[in-house]
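final-v9.pdb follows; it contains PDB, C-alpha atoms and all ligand atoms.
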```
ATOM      1  CA  MET A   1      31.814 -66.183 -55.604
ATOM      2  CA  PRO A   2      30.324 -69.686 -55.460
ATOM      3  CA  GLY A   3      30.445 -71.124 -51.971
ATOM      4  CA  SER A   4      31.574 -67.898 -50.344
ATOM      5  CA  THR A   5      28.207 -67.271 -48.689
ATOM      6  CA  GLY A   6      27.492 -70.847 -47.697
ATOM      7  CA  SER A   7      25.156 -71.292 -50.679
ATOM      8  CA  THR A   8      25.301 -74.412 -52.755
ATOM      9  CA  GLY A   9      26.001 -72.995 -56.199
ATOM     10  CA  SER A  10      23.813 -74.602 -58.843
ATOM     11  CA  ALA A  11      22.327 -77.259 -56.529
ATOM     12  CA  GLY A  12      18.802 -76.863 -55.120
ATOM     13  CA  PRO A  13      17.888 -74.771 -52.093
ATOM     14  CA  ARG A  14      19.297 -76.078 -48.849
ATOM     15  CA  GLY A  15      19.077 -75.353 -45.149
ATOM     16  CA  LEU A  16      17.097 -73.088 -42.870
ATOM     17  CA  LEU A  17      16.805 -69.308 -42.661
ATOM     18  CA  SER A  18      15.086 -67.849 -39.595
ATOM     19  CA  ILE A  19      13.843 -64.289 -39.952
ATOM     20  CA  PHE A  20      13.175 -62.597 -36.607
ATOM     21  CA  PRO A  21      12.918 -58.932 -35.603
ATOM     22  CA  HIS A  22      15.110 -58.691 -32.489
ATOM     23  CA  PRO A  23      18.134 -60.429 -31.048
ATOM     24  CA  ASP A  24      16.647 -63.060 -28.632
ATOM     25  CA  ASP A  25      13.417 -63.812 -30.589
ATOM     26  CA  GLU A  26      15.270 -66.512 -32.535
ATOM     27  CA  SER A  27      16.472 -68.337 -29.422
ATOM     28  CA  TYR A  28      13.082 -68.343 -27.670
ATOM     29  CA  GLY A  29      11.101 -69.448 -30.684
ATOM     30  CA  ALA A  30      13.357 -71.592 -32.813
ATOM     31  CA  GLY A  31      16.699 -71.981 -31.037
ATOM     32  CA  GLY A  32      16.228 -75.705 -30.616
ATOM     33  CA  LEU A  33      15.108 -76.257 -34.186
ATOM     34  CA  MET A  34      18.101 -74.306 -35.492
ATOM     35  CA  ALA A  35      20.549 -76.234 -33.293
ATOM     36  CA  LEU A  36      18.987 -79.551 -34.363
ATOM     37  CA  ALA A  37      19.028 -78.613 -38.049
ATOM     38  CA  ALA A  38      22.669 -77.520 -37.843
ATOM     39  CA  ALA A  39      23.659 -80.714 -35.986
ATOM     40  CA  ALA A  40      22.002 -82.734 -38.777
ATOM     41  CA  GLY A  41      24.217 -81.034 -41.368
ATOM     42  CA  ASN A  42      21.951 -78.295 -42.698
ATOM     43  CA  PRO A  43      23.298 -74.782 -43.221
ATOM     44  CA  VAL A  44      21.380 -72.518 -40.802
ATOM     45  CA  TRP A  45      21.225 -68.737 -40.668
ATOM     46  CA  VAL A  46      19.418 -66.021 -38.699
ATOM     47  CA  LEU A  47      18.380 -62.820 -40.392
ATOM     48  CA  CYS A  48      17.776 -60.245 -37.655
ATOM     49  CA  VAL A  49      15.709 -57.329 -38.911
ATOM     50  CA  THR A  50      16.375 -54.721 -36.201
ATOM     51  CA  ASN A  51      19.294 -53.960 -33.920
ATOM     52  CA  GLY A  52      17.152 -54.260 -30.766
ATOM     53  CA  ASP A  53      18.188 -50.806 -29.577
ATOM     54  CA  GLN A  54      14.911 -50.248 -27.671
ATOM     55  CA  GLY A  55      15.536 -53.313 -25.537
ATOM     56  CA  GLY A  56      16.784 -51.470 -22.465
ATOM     57  CA  ARG A  57      14.769 -51.779 -19.238
ATOM     58  CA  PRO A  58      12.256 -54.236 -20.704
ATOM     59  CA  GLY A  59       8.852 -54.257 -19.007
ATOM     60  CA  GLU A  60       8.955 -50.642 -17.857
ATOM     61  CA  MET A  61       6.751 -47.858 -19.205
ATOM     62  CA  ASP A  62       7.623 -44.169 -19.480
ATOM     63  CA  VAL A  63      11.379 -44.651 -19.293
ATOM     64  CA  ASP A  64      14.168 -44.360 -21.839
ATOM     65  CA  HIS A  65      14.451 -47.833 -23.393
ATOM     66  CA  SER A  66      17.460 -47.106 -25.554
ATOM     67  CA  LEU A  67      20.385 -49.481 -25.383
ATOM     68  CA  ASP A  68      23.718 -49.560 -27.200
ATOM     69  CA  PRO A  69      22.806 -51.688 -30.241
ATOM     70  CA  GLU A  70      26.263 -53.252 -30.302
ATOM     71  CA  ILE A  71      25.416 -55.013 -27.018
ATOM     72  CA  ARG A  72      22.490 -56.816 -28.622
ATOM     73  CA  LEU A  73      24.294 -57.593 -31.880
ATOM     74  CA  GLU A  74      27.087 -59.188 -29.858
ATOM     75  CA  GLU A  75      24.542 -61.141 -27.805
ATOM     76  CA  LEU A  76      23.076 -62.549 -31.019
ATOM     77  CA  ARG A  77      26.536 -63.488 -32.314
ATOM     78  CA  CYS A  78      27.058 -65.345 -29.039
ATOM     79  CA  ALA A  79      23.686 -67.135 -29.400
ATOM     80  CA  CYS A  80      24.518 -68.217 -32.958
ATOM     81  CA  ARG A  81      27.788 -69.731 -31.736
ATOM     82  CA  GLU A  82      25.891 -71.613 -29.006
ATOM     83  CA  MET A  83      23.354 -72.929 -31.531
ATOM     84  CA  GLY A  84      26.190 -74.007 -33.830
ATOM     85  CA  ILE A  85      24.949 -71.947 -36.779
ATOM     86  CA  ALA A  86      26.388 -69.295 -39.117
ATOM     87  CA  GLU A  87      27.156 -65.708 -38.064
ATOM     88  CA  PRO A  88      23.948 -63.637 -37.951
ATOM     89  CA  ILE A  89      22.910 -61.306 -40.757
ATOM     90  CA  PHE A  90      21.459 -57.918 -39.833
ATOM     91  CA  LEU A  91      19.161 -55.612 -41.807
ATOM     92  CA  GLY A  92      19.977 -52.832 -39.332
ATOM     93  CA  TYR A  93      16.595 -51.173 -38.798
ATOM     94  CA  ARG A  94      16.084 -49.599 -35.422
ATOM     95  CA  ASP A  95      13.859 -51.341 -32.913
ATOM     96  CA  SER A  96      10.362 -49.761 -32.952
ATOM     97  CA  GLY A  97       9.775 -50.359 -29.242
ATOM     98  CA  MET A  98       6.473 -51.504 -27.776
ATOM     99  CA  GLU A  99       3.106 -50.044 -28.713
ATOM    100  CA  GLY A 100       2.821 -46.578 -27.190
ATOM    101  CA  TRP A 101       6.553 -45.940 -26.786
ATOM    102  CA  GLY A 102       6.773 -43.905 -30.022
ATOM    103  CA  ALA A 103       8.724 -45.544 -32.852
ATOM    104  CA  PRO A 104      12.092 -43.786 -33.442
ATOM    105  CA  GLU A 105      13.434 -42.523 -36.758
ATOM    106  CA  GLY A 106      14.954 -45.393 -38.758
ATOM    107  CA  SER A 107      12.814 -48.017 -37.025
ATOM    108  CA  LEU A 108      11.183 -50.990 -38.697
ATOM    109  CA  ALA A 109       7.720 -49.553 -37.977
ATOM    110  CA  LEU A 110       8.524 -46.491 -40.107
ATOM    111  CA  ALA A 111      10.375 -48.337 -42.895
ATOM    112  CA  ASP A 112       8.952 -48.697 -46.394
ATOM    113  CA  THR A 113       7.362 -52.138 -46.796
ATOM    114  CA  GLU A 114       8.677 -52.664 -50.339
ATOM    115  CA  GLU A 115      12.178 -51.827 -49.178
ATOM    116  CA  VAL A 116      12.046 -54.289 -46.266
ATOM    117  CA  VAL A 117      10.598 -57.097 -48.388
ATOM    118  CA  GLY A 118      13.084 -56.402 -51.202
ATOM    119  CA  ARG A 119      16.044 -56.581 -48.838
ATOM    120  CA  MET A 120      14.770 -59.861 -47.387
ATOM    121  CA  VAL A 121      14.346 -61.307 -50.893
ATOM    122  CA  GLU A 122      17.957 -60.356 -51.674
ATOM    123  CA  VAL A 123      19.195 -62.271 -48.642
ATOM    124  CA  ILE A 124      17.071 -65.304 -49.581
ATOM    125  CA  ARG A 125      18.437 -65.246 -53.140
ATOM    126  CA  ARG A 126      22.002 -65.087 -51.868
ATOM    127  CA  LEU A 127      21.713 -67.837 -49.226
ATOM    128  CA  ARG A 128      19.205 -70.069 -51.052
ATOM    129  CA  PRO A 129      17.634 -71.724 -47.995
ATOM    130  CA  ALA A 130      15.064 -74.489 -48.493
ATOM    131  CA  VAL A 131      13.023 -73.500 -45.457
ATOM    132  CA  ILE A 132      12.113 -70.166 -43.905
ATOM    133  CA  VAL A 133      10.834 -69.665 -40.359
ATOM    134  CA  THR A 134       9.373 -66.465 -38.965
ATOM    135  CA  PHE A 135       6.771 -65.383 -36.403
ATOM    136  CA  ASP A 136       3.091 -66.043 -36.887
ATOM    137  CA  PRO A 137       1.010 -62.982 -37.848
ATOM    138  CA  GLY A 138       0.311 -62.010 -34.205
ATOM    139  CA  GLY A 139       4.014 -62.122 -33.364
ATOM    140  CA  ILE A 140       3.352 -64.127 -30.142
ATOM    141  CA  TYR A 141       2.458 -61.028 -28.112
ATOM    142  CA  GLY A 142       1.749 -58.351 -30.704
ATOM    143  CA  HIS A 143       4.984 -56.324 -30.558
ATOM    144  CA  PRO A 144       4.803 -54.016 -33.621
ATOM    145  CA  ASP A 145       8.162 -55.306 -34.934
ATOM    146  CA  HIS A 146       7.051 -58.922 -34.512
ATOM    147  CA  VAL A 147       3.873 -58.308 -36.501
ATOM    148  CA  ARG A 148       5.741 -56.408 -39.221
ATOM    149  CA  CYS A 149       8.511 -59.016 -39.413
ATOM    150  CA  SER A 150       5.959 -61.783 -39.916
ATOM    151  CA  ALA A 151       4.133 -59.914 -42.681
ATOM    152  CA  THR A 152       7.261 -58.838 -44.575
ATOM    153  CA  ALA A 153       9.112 -62.160 -44.226
ATOM    154  CA  THR A 154       6.008 -64.039 -45.360
ATOM    155  CA  GLU A 155       5.738 -61.810 -48.430
ATOM    156  CA  ALA A 156       9.491 -62.160 -49.114
ATOM    157  CA  TYR A 157       9.108 -65.945 -48.942
ATOM    158  CA  ARG A 158       6.218 -65.876 -51.422
ATOM    159  CA  ARG A 159       8.209 -63.816 -53.912
ATOM    160  CA  ALA A 160      11.404 -65.843 -53.563
ATOM    161  CA  ALA A 161       9.509 -69.151 -53.675
ATOM    162  CA  ALA A 162       8.051 -68.171 -57.046
ATOM    163  CA  GLU A 163      11.574 -67.960 -58.519
ATOM    164  CA  PRO A 164      13.564 -70.948 -59.816
ATOM    165  CA  GLY A 165      15.669 -72.406 -56.989
ATOM    166  CA  GLY A 166      13.629 -70.513 -54.384
ATOM    167  CA  PRO A 167      12.698 -71.829 -50.926
ATOM    168  CA  ILE A 168      10.200 -74.684 -50.701
ATOM    169  CA  ALA A 169       8.615 -74.331 -47.270
ATOM    170  CA  LEU A 170       7.476 -71.554 -44.917
ATOM    171  CA  TYR A 171       6.814 -72.035 -41.219
ATOM    172  CA  HIS A 172       5.329 -69.657 -38.679
ATOM    173  CA  GLN A 173       6.502 -70.044 -35.103
ATOM    174  CA  VAL A 174       3.481 -70.064 -32.784
ATOM    175  CA  MET A 175       2.516 -70.380 -29.112
ATOM    176  CA  PRO A 176      -0.031 -73.129 -28.433
ATOM    177  CA  ARG A 177      -2.905 -72.241 -26.118
ATOM    178  CA  SER A 178      -2.313 -75.367 -24.063
ATOM    179  CA  ARG A 179       1.104 -74.060 -23.054
ATOM    180  CA  ILE A 180      -0.052 -70.736 -21.596
ATOM    181  CA  ALA A 181      -0.917 -71.917 -18.084
ATOM    182  CA  GLY A 182       2.342 -73.829 -17.742
ATOM    183  CA  MET A 183       4.366 -70.898 -19.019
ATOM    184  CA  ARG A 184       2.712 -68.539 -16.572
ATOM    185  CA  ALA A 185       3.378 -70.865 -13.640
ATOM    186  CA  ALA A 186       6.994 -71.374 -14.711
ATOM    187  CA  MET A 187       7.599 -67.650 -15.044
ATOM    188  CA  GLU A 188       6.088 -66.943 -11.631
ATOM    189  CA  GLU A 189       8.230 -69.675 -10.104
ATOM    190  CA  GLU A 190      11.251 -68.260 -11.875
ATOM    191  CA  ARG A 191      10.531 -64.775 -10.500
ATOM    192  CA  ARG A 192      10.201 -66.227  -7.034
ATOM    193  CA  ARG A 193      13.511 -68.094  -7.294
ATOM    194  CA  SER A 194      15.339 -65.071  -8.612
ATOM    195  CA  GLY A 195      14.053 -63.035  -5.654
ATOM    196  CA  ASP A 196      12.095 -60.646  -7.877
ATOM    197  CA  THR A 197       9.337 -59.381  -5.578
ATOM    198  CA  THR A 198       8.187 -56.386  -7.611
ATOM    199  CA  PRO A 199       4.661 -56.773  -8.995
ATOM    200  CA  PRO A 200       4.426 -57.139 -12.795
ATOM    201  CA  SER A 201       4.479 -53.746 -14.518
ATOM    202  CA  GLU A 202       1.646 -52.385 -16.648
ATOM    203  CA  ASP A 203       3.746 -53.183 -19.719
ATOM    204  CA  ASP A 204       4.236 -56.762 -18.537
ATOM    205  CA  ARG A 205       0.517 -57.163 -17.850
ATOM    206  CA  ARG A 206      -0.329 -55.930 -21.337
ATOM    207  CA  GLN A 207       2.194 -58.333 -22.831
ATOM    208  CA  GLN A 208       0.772 -61.221 -20.851
ATOM    209  CA  GLU A 209      -2.764 -60.376 -21.975
ATOM    210  CA  ALA A 210      -1.666 -60.219 -25.618
ATOM    211  CA  PHE A 211       0.311 -63.432 -25.227
ATOM    212  CA  GLU A 212      -2.811 -65.257 -24.039
ATOM    213  CA  ARG A 213      -5.054 -63.683 -26.670
ATOM    214  CA  LEU A 214      -2.687 -64.417 -29.567
ATOM    215  CA  ALA A 215      -1.828 -68.025 -28.666
ATOM    216  CA  ARG A 216      -3.026 -70.443 -31.336
ATOM    217  CA  PRO A 217      -5.564 -73.241 -30.804
ATOM    218  CA  ASP A 218      -3.585 -76.478 -30.528
ATOM    219  CA  GLU A 219      -5.396 -78.103 -33.435
ATOM    220  CA  GLU A 220      -3.935 -75.491 -35.808
ATOM    221  CA  ILE A 221      -0.360 -76.475 -34.943
ATOM    222  CA  THR A 222       1.163 -78.711 -37.608
ATOM    223  CA  THR A 223       4.719 -79.156 -36.416
ATOM    224  CA  ILE A 224       5.903 -80.008 -32.898
ATOM    225  CA  VAL A 225       9.663 -80.398 -32.669
ATOM    226  CA  ALA A 226      11.095 -82.197 -29.611
ATOM    227  CA  ILE A 227      14.305 -80.408 -28.739
ATOM    228  CA  ASP A 228      15.444 -82.285 -25.614
ATOM    229  CA  ASP A 229      18.658 -83.350 -27.386
ATOM    230  CA  VAL A 230      19.692 -79.717 -27.809
ATOM    231  CA  LEU A 231      17.968 -78.110 -24.813
ATOM    232  CA  ASP A 232      21.360 -77.152 -23.339
ATOM    233  CA  ARG A 233      22.250 -75.345 -26.538
ATOM    234  CA  LYS A 234      18.974 -73.443 -26.516
ATOM    235  CA  LEU A 235      19.432 -72.440 -22.861
ATOM    236  CA  ALA A 236      23.019 -71.367 -23.564
ATOM    237  CA  ALA A 237      21.799 -69.288 -26.520
ATOM    238  CA  LEU A 238      19.140 -67.658 -24.316
ATOM    239  CA  ALA A 239      21.773 -66.945 -21.665
ATOM    240  CA  CYS A 240      23.756 -64.984 -24.283
ATOM    241  CA  HIS A 241      20.929 -62.424 -24.358
ATOM    242  CA  ASP A 242      21.883 -61.170 -20.933
ATOM    243  CA  SER A 243      20.516 -57.621 -21.458
ATOM    244  CA  GLN A 244      16.992 -59.092 -21.830
ATOM    245  CA  MET A 245      17.014 -61.635 -19.037
ATOM    246  CA  ARG A 246      16.237 -59.350 -16.087
ATOM    247  CA  GLY A 247      18.441 -61.463 -13.882
ATOM    248  CA  ARG A 248      16.904 -64.787 -14.962
ATOM    249  CA  ARG A 249      19.294 -67.678 -14.836
ATOM    250  CA  TRP A 250      17.769 -70.199 -17.164
ATOM    251  CA  GLU A 251      20.966 -72.215 -17.277
ATOM    252  CA  ASP A 252      20.479 -73.026 -13.568
ATOM    253  CA  PRO A 253      20.412 -76.856 -13.229
ATOM    254  CA  GLU A 254      17.900 -76.585 -10.349
ATOM    255  CA  VAL A 255      15.178 -75.351 -12.671
ATOM    256  CA  ARG A 256      16.083 -77.644 -15.514
ATOM    257  CA  GLU A 257      13.065 -79.914 -15.250
ATOM    258  CA  GLN A 258      10.763 -76.933 -15.392
ATOM    259  CA  LEU A 259      12.702 -75.507 -18.311
ATOM    260  CA  SER A 260      12.378 -78.767 -20.135
ATOM    261  CA  GLN A 261       8.592 -78.539 -19.651
ATOM    262  CA  MET A 262       8.576 -74.937 -20.829
ATOM    263  CA  PHE A 263      11.060 -75.159 -23.692
ATOM    264  CA  GLY A 264      11.291 -78.873 -24.544
ATOM    265  CA  HIS A 265       9.126 -78.514 -27.640
ATOM    266  CA  GLU A 266       9.015 -75.816 -30.310
ATOM    267  CA  THR A 267       5.794 -75.323 -32.213
ATOM    268  CA  PHE A 268       5.111 -74.168 -35.743
ATOM    269  CA  VAL A 269       2.390 -73.895 -38.342
ATOM    270  CA  ARG A 270       3.421 -74.953 -41.827
ATOM    271  CA  VAL A 271       2.094 -72.212 -44.049
ATOM    272  CA  ASP A 272       3.476 -73.453 -47.363
ATOM    273  CA  PRO A 273       3.029 -76.036 -48.707
ATOM    274  CA  ALA A 274      -0.357 -75.917 -46.998
ATOM    275  CA  PRO A 275      -0.911 -78.995 -44.800
ATOM    276  CA  GLU A 276      -3.619 -81.530 -45.481
ATOM    277  CA  PRO A 277      -6.462 -81.349 -42.941
ATOM    278  CA  GLY A 278      -5.230 -82.969 -39.731
ATOM    279  CA  GLU A 279      -1.659 -83.337 -40.998
ATOM    280  CA  HIS A 280       1.043 -83.284 -38.291
ATOM    281  CA  GLU A 281       4.799 -83.682 -38.393
ATOM    282  CA  ASP A 282       7.682 -83.986 -35.900
ATOM    283  CA  LEU A 283      10.202 -82.075 -38.006
ATOM    284  CA  PRO A 284       9.931 -79.508 -40.777
ATOM    285  CA  ILE A 285      10.074 -80.768 -44.321
ATOM    286  CA  GLY A 286      12.798 -79.611 -46.698
ATOM    287  CA  LEU A 287      15.740 -80.177 -44.324
ATOM    288  CA  GLU A 288      18.185 -83.065 -43.981
ATOM    289  CA  TRP A 289      17.410 -85.182 -40.915
ATOM    290  CA  GLY A 290      19.294 -88.363 -41.893
ATOM    291  CA  LYS A 291      21.612 -88.318 -38.895
ATOM    292  CA  ARG A 292      18.739 -88.192 -36.390
TER     293      ARG A 292
HETATM  294 ZN    ZN A 301      11.230 -59.388 -30.194
END
```

Transcribe the structure of this file into structure tokens.
Ligand SMILES: [Zn+2]
Amino acid sequence: MPGSTGSTGSAGPRGLLSIFPHPDDESYGAGGLMALAAAAGNPVWVLCVTNGDQGGRPGEMDVDHSLDPEIRLEELRCACREMGIAEPIFLGYRDSGMEGWGAPEGSLALADTEEVVGRMVEVIRRLRPAVIVTFDPGGIYGHPDHVRCSATATEAYRRAAAEPGGPIALYHQVMPRSRIAGMRAAMEEERRRSGDTTPPSEDDRRQQEAFERLARPDEEITTIVAIDDVLDRKLAALACHDSQMRGRRWEDPEVREQLSQMFGHETFVRVDPAPEPGEHEDLPIGLEWGKR
């Protein structure tokens, strides 16, 4: 039925669709952009590919990581309310877990690529967003679901963009190399404040190593979005993902300045249309920013 899905009927593509693998990835990477885009009048959606059911006891090896998926789905619904965007859409694959955990039956890692891409294309056709955002190919720290989400969402974009009325721009969310040192310091400070005295686990060390290796050279980053105006919304969205926060309290006003340093900008590479050499922008193309 026209209008029943938030699409714009016969008009051109409109708004922003973020495609991320787990509940919480969207808030870390693009929560500010989504809140800003929604505040400017764009329809904004999150397509969450897995149910995050391997998100229990993050950072620990050789333990049962399973978690009631309904907890994480509800956390994402909460985050979407905080960002001021539509209810999330789920593809319902199981979380594959980190490398070496052994991907469970029904997980994204074991799913048929054509099936995943086809289901993403269906969602894009139904919602008709102008812009799609997903992870960069390394998935920030190499989690198998992050890598797979990037590859399948990028392919789904290419197919949908080739159709009449398809999306017009694709962005990859990336971590700039210049931010690594600051992030590390902020996370150590945050651990100290929260009274977490346990040394980082093997799993955490591996993640940190991948995080540093997969960060992108700053000169490759095309799009740096200042999100100070909606930082509170991003922090509130992150706080919704309580099962992943390991006791962090990122809404704490005492650490706000540091959080602003850590999260005050979101960074993307515009993949399509390909940027001119040296081209940079403050906001993605293809969205309405008139009220800013
Ligand atoms: Zn994730």

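Nearest residue to ligand ZN 301 (chain A), choosing from A:Gln207, A:Thr222, A:Thr113, A:Ser201 and counting only C-alpha atoms and all ligand atoms: A:Gln207.
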
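In this structure, CA of Val117 (chain A) sits 10.2 Å away from CA of Ala160 (chain A).
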
For the atom pair CA of Ala111 (chain A) and CA of Val147 (chain A), what is the interatomic distance in Å to one decimal place?
->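 Going from CA of Ala111 (chain A) over to CA of Val147 (chain A), I get 13.5 Å.
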
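Proximal residues of ligand ZN 301 (chain A) are A:Pro21, A:His22, A:Asp25, by a cut-off of 6 Å on all atoms listed in the file.
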
Counting all atoms listed in the file, which residues of region 15-56 of chain A fall within 7 Å of region 124-133 of chain A, and what is the closest atom pair for each with its distance in Å at one decimal, ordered by chain and rising number, as CSV?
```
residue,atom,partner,partner_atom,distance
A:Gly15,CA,A:Pro129,CA,4.8
A:Leu16,CA,A:Val131,CA,4.8
A:Leu17,CA,A:Ile132,CA,4.9
A:Ser18,CA,A:Val133,CA,4.7
A:Ile19,CA,A:Val133,CA,6.2
```

Mind checking which residues fall within 10 Å of Gly31 (chain A), counting all atoms listed in the file, ignoring those fewer than 3 positions away in the same chain, and posting them as a JSON list (two decimals) with C-alpha atoms, in the frame of the given file?
```
[["chain", "number", "residue", "atom", "x", "y", "z"],
["A", 18, "SER", "CA", 15.09, -67.85, -39.60],
["A", 24, "ASP", "CA", 16.65, -63.06, -28.63],
["A", 25, "ASP", "CA", 13.42, -63.81, -30.59],
["A", 26, "GLU", "CA", 15.27, -66.51, -32.53],
["A", 27, "SER", "CA", 16.47, -68.34, -29.42],
["A", 28, "TYR", "CA", 13.08, -68.34, -27.67],
["A", 34, "MET", "CA", 18.10, -74.31, -35.49],
["A", 35, "ALA", "CA", 20.55, -76.23, -33.29],
["A", 36, "LEU", "CA", 18.99, -79.55, -34.36],
["A", 37, "ALA", "CA", 19.03, -78.61, -38.05],
["A", 79, "ALA", "CA", 23.69, -67.14, -29.40],
["A", 80, "CYS", "CA", 24.52, -68.22, -32.96],
["A", 82, "GLU", "CA", 25.89, -71.61, -29.01],
["A", 83, "MET", "CA", 23.35, -72.93, -31.53],
["A", 227, "ILE", "CA", 14.30, -80.41, -28.74],
["A", 230, "VAL", "CA", 19.69, -79.72, -27.81],
["A", 231, "LEU", "CA", 17.97, -78.11, -24.81],
["A", 233, "ARG", "CA", 22.25, -75.34, -26.54],
["A", 234, "LYS", "CA", 18.97, -73.44, -26.52],
["A", 235, "LEU", "CA", 19.43, -72.44, -22.86],
["A", 236, "ALA", "CA", 23.02, -71.37, -23.56],
["A", 237, "ALA", "CA", 21.80, -69.29, -26.52],
["A", 238, "LEU", "CA", 19.14, -67.66, -24.32],
["A", 263, "PHE", "CA", 11.06, -75.16, -23.69],
["A", 266, "GLU", "CA", 9.02, -75.82, -30.31]]
```

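For Ala151 (chain A), the non-local neighbours within 12 Å, defined as residues at least 2 positions apart in the same chain or in other chains and counting only C-alpha atoms, are Ile19, Phe20, Pro21, Ala109, Thr113, Glu114, Val116, Val117, Met120, Thr134, Phe135, Asp136, Pro137, Gly138, Gly139, Pro144, Asp145, His146, Val147, Arg148, Cys149, Ala153, Thr154, Glu155, Ala156, Tyr157, Arg158 and His172 of chain A.
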
Please identify all polymer residues within 7 Å of region 90-101 of chain A, counting all atoms listed in the file, omitting same-chain residues fewer than 3 positions from it, and present them as a PyMOL selection string.
-> chain A and resi 47-54+104+106-109+143-145

Can you list, as a short mmCIF file (atom, residue, chain, number, x, y, z; two decimals) with C-alpha atoms, keeping the file's coordinate frame, every protein, DNA or RNA residue that comes within 10 Å of Arg213 (chain A) when you count only C-alpha atoms, leaving out same-chain residues fewer than 4 positions away?
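Output saved as result.cif:
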```cif
data_model
loop_
_atom_site.label_atom_id
_atom_site.label_comp_id
_atom_site.auth_asym_id
_atom_site.auth_seq_id
_atom_site.Cartn_x
_atom_site.Cartn_y
_atom_site.Cartn_z
CA GLY A 138 0.31 -62.01 -34.20
CA ILE A 140 3.35 -64.13 -30.14
CA TYR A 141 2.46 -61.03 -28.11
CA GLY A 142 1.75 -58.35 -30.70
CA ARG A 177 -2.90 -72.24 -26.12
CA GLN A 207 2.19 -58.33 -22.83
CA GLN A 208 0.77 -61.22 -20.85
CA GLU A 209 -2.76 -60.38 -21.98
#
```

Residues in the PyMOL selection byres (((chain A and resi 183) around 12) and not hetatm), expressed as number ranges by chain = A: 175-182, 184-190, 208, 211-212, 215, 258-264

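Between CA of Tyr171 (chain A) and CA of Glu115 (chain A) the interatomic distance comes to 22.4 Å.
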
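The residues returned by the PyMOL selection byres (((chain A and resi 71) around 10) and not hetatm) on the shown structure are A:Pro23, A:Asn51, A:Gly52, A:Asp53, A:Leu67, A:Asp68, A:Pro69, A:Glu70, A:Arg72, A:Leu73, A:Glu74, A:Glu75, A:Leu76, A:His241, A:Asp242, A:Ser243.
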
Applied to the shown file, which residues does the PyMOL selection byres (((chain A and resi 273) around 12) and not hetatm) return, written as a ChimeraX atom specification?
-> /A:131-132,157-158,161,167-171,222,269-272,274-276,279,284-286

First collect every listed atom of region 165-178 of chain A; then fit an axis-aligned box around them, widen it by 4 Å on each side, and give centre and edge lengths in Å to one decimal, as AutoDock Vina command-line options.
```
--center_x 6.4 --center_y -72.5 --center_z -40.5 --size_x 26.6 --size_y 13.7 --size_z 40.9
```
